[in-house]
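Engineer: The structure follows.
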Amino acid sequence: MPIKHLMAYNSVWRHVQIDVHVGGVNDLAFTYPNKQLCIATCGDDKLIKVWDLTGQKLINFEGHGAPVYSVCPHQKENIQFIFSTDVDGKIKAWLYDNLGYRVDYDSPGQWCTTMLYSTDGSRLFSRGTSKNGDSFLVECNEREGTLKRTYSGFRKKSAGIVQFDTTKSHFLAAGEDNQIKFWHMDNTNVLTSTDAEGGLPSVPRLRFNKEANLLVVTTTDIGMKILANSDGIEYLRAIEAQSYEASKAPVVTKVFICYNSPSSPSASLTNLIFWFTCCLVFYS
């Protein structure tokens with residue numbers, strides 16, 4: 001039975017230990033029902049649960065007919081809710097009232113799907129992979145469950161479940177086919193792509209930082225690479241300078257520059273994608 005540990009953020013000591021789900025825990029996210037910081041979890045037992053930071057279960061959502069794959073808490077004006085998806089491709093939406101789901105529709109791939117709002121909370125996106133390996137990235141109408149646009153550029157058969165993220169500058173990024181591909185939210189065609197000079201897995205995991213000037217991506221050698229725009233490069237160079245002053249030893253870095261078309265709508269990417277290699281490693 002999986003165990004979830006709630007840790008004190010500024011120190012390494014166990015705060016509380018709780019049993020979460022029977023079987024695997026597939027996703028978790030912070031949520032704020034009634035302005036209370038909580039954690040939403042989902043798992044193989046087909047349930048979504050909401051916990052306060054003392055480990056007390058506040059809400060138990062039941063209604064999925066298959067293991068729940070992901071959760072996406074959100075707030076629209078004064079209404080707080082959670083989207084959830086299961087491995088049968090069902091998408092449901094729940095209010096924090098234990099009265100059952102309010103929305104129920106099929107995901108485009110009808111299998112493993114993740115949902116994510118744009119940084120300003122105004123647009124909802126969904127990405128996933130079908131059981132046949134077909135990947136998709138779409139913008140959804142959150143009220144009706146219909147598709148507003150489908151982004152092109154994915155190969156027919158992916159070797160895994162495609163990961164993606166959004167930025168506050170209206171860009172989408174997804175890892176597939178040993179590359180990172182970029183879209184502008186208002187254009188369904190691929191804006192640009194990069195393989196970061198190789199070393200990426202077939203479906204790399206990736207995530208933007210809050211300022212959207214850095215993008216971290218996993219590599220095949222259990223490490224990571226960081227992509228940056230011009231602001232991100234300046235930030236990384238400042239860190240490098242601090243590191244040099246602290247150690248009085250040179251830090252070896254490598255920057256790869258890939259130019260976009262001047263006519264490209266990627267002004268916020270400063271017409272450059274920089275690849276910065278750093279000595280940080282994920283431990284399995």
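We label chains A, B, ... in the order they appear in the structure tokens, count residues from 1 in each chain, and number ligands from 1 in the order shown.
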Skipping near chain neighbours, those fewer than 4 positions away, what residues fall within 7 Å of Pro201 of chain A using only C-alpha atoms, listed as a list in words?
Structural biologist: Asn178, Thr219 and Thr220 of chain A
Engineer: Selected residues, all heavy atoms, written as an mmCIF file, in the first residue's frame, please.
Structural biologist:
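The resulting again_22.cif:
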data_model
loop_
_atom_site.group_PDB
_atom_site.id
_atom_site.type_symbol
_atom_site.label_atom_id
_atom_site.label_comp_id
_atom_site.auth_asym_id
_atom_site.auth_seq_id
_atom_site.Cartn_x
_atom_site.Cartn_y
_atom_site.Cartn_z
ATOM 1 N N ASN A 178 12.341 12.089 -29.716
ATOM 2 C CA ASN A 178 13.684 12.515 -29.302
ATOM 3 C C ASN A 178 13.904 14.016 -29.527
ATOM 4 O O ASN A 178 15.042 14.461 -29.724
ATOM 5 C CB ASN A 178 14.768 11.730 -30.059
ATOM 6 C CG ASN A 178 14.590 10.224 -29.960
ATOM 7 O OD1 ASN A 178 14.052 9.598 -30.876
ATOM 8 N ND2 ASN A 178 15.002 9.658 -28.845
ATOM 9 N N THR A 219 17.142 13.421 -19.989
ATOM 10 C CA THR A 219 18.015 12.835 -20.994
ATOM 11 C C THR A 219 18.097 11.322 -20.797
ATOM 12 O O THR A 219 17.657 10.786 -19.781
ATOM 13 C CB THR A 219 19.435 13.433 -20.903
ATOM 14 O OG1 THR A 219 19.996 13.127 -19.616
ATOM 15 C CG2 THR A 219 19.392 14.939 -21.094
ATOM 16 N N THR A 220 18.676 10.653 -21.765
ATOM 17 C CA THR A 220 18.747 9.192 -21.719
ATOM 18 C C THR A 220 19.762 8.682 -20.701
ATOM 19 O O THR A 220 19.716 7.518 -20.318
ATOM 20 C CB THR A 220 19.121 8.627 -23.101
ATOM 21 O OG1 THR A 220 20.331 9.251 -23.548
ATOM 22 C CG2 THR A 220 18.026 8.894 -24.110
#
Engineer: Taking only segment 28-246 of chain A into account, list the residues labelled strand (DSSP E or B) by DSSP (computed from the backbone), as a ChimeraX atom specification.
Structural biologist: /A:28-31,38-43,47-52,57-62,68-76,79-86,90-95,101-106,112-117,124-129,135-141,146-150,163-166,171-176,179-184,192-194,206-208,214-218,223-228
Engineer: Just checking: using only C-alpha atoms, which residue out of A:Asp52, A:Asp134, A:Asp231, A:Asp104 ends up closest to Cys38 of chain A?
Structural biologist: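 Closest candidate: A:Asp52.
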Engineer: What does the distance from atom CA of Ala173 of chain A to atom CA of Asp27 of chain A come to in Å, to one decimal?
Structural biologist: 20.3 Å
Engineer: Near segment 141-150 of chain A, within 7 Å and counting only C-alpha atoms, which residues show up once chain neighbours fewer than 5 positions away are dropped, as a list in words?
Structural biologist: Tyr105, Leu124 and Thr188 of chain A
Engineer: For C-alpha atoms, I'd like the residues from the last selection saved as a PDB file, in the first residue's frame.
Structural biologist:
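To be explicit, this is the file written out as part-v5.pdb:
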ATOM      1  CA  TYR A 105     -16.808  13.202 -21.599  1.00  0.00           C
ATOM      2  CA  LEU A 124      -7.462  24.549 -21.027  1.00  0.00           C
ATOM      3  CA  THR A 188      -1.795  24.599 -34.662  1.00  0.00           C
TER       4      THR A 188
END
Engineer: Go through A:Ser135, A:Thr192, A:Ser70, A:Ser202 one by one, measure the shortest atom-to-atom distance of each to Asp86 of chain A using only C-alpha atoms, and give the residue with the smallest value.
Structural biologist: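 Ranking A:Ser135, A:Thr192, A:Ser70, A:Ser202 by distance to Asp86 of chain A, first place goes to A:Ser70.
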Engineer: Hey, what's within 9 Å of Gln75 of chain A if we count only C-alpha atoms and toss same-chain stuff fewer than 4 positions away? As a PyMOL selection string, please?
Structural biologist: chain A and resi 32+79-82+121
Engineer: Between atom CA of Gly128 of chain A and atom CA of Arg155 of chain A, what is the distance in Å, rounded to a tenth?
Structural biologist: 13.0 Å
Engineer: Atom CA of Pro33 of chain A to atom CA of Arg102 of chain A: how many Å, to one decimal?
Structural biologist: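 Separating atom CA of Pro33 of chain A from atom CA of Arg102 of chain A is a distance of 16.7 Å.
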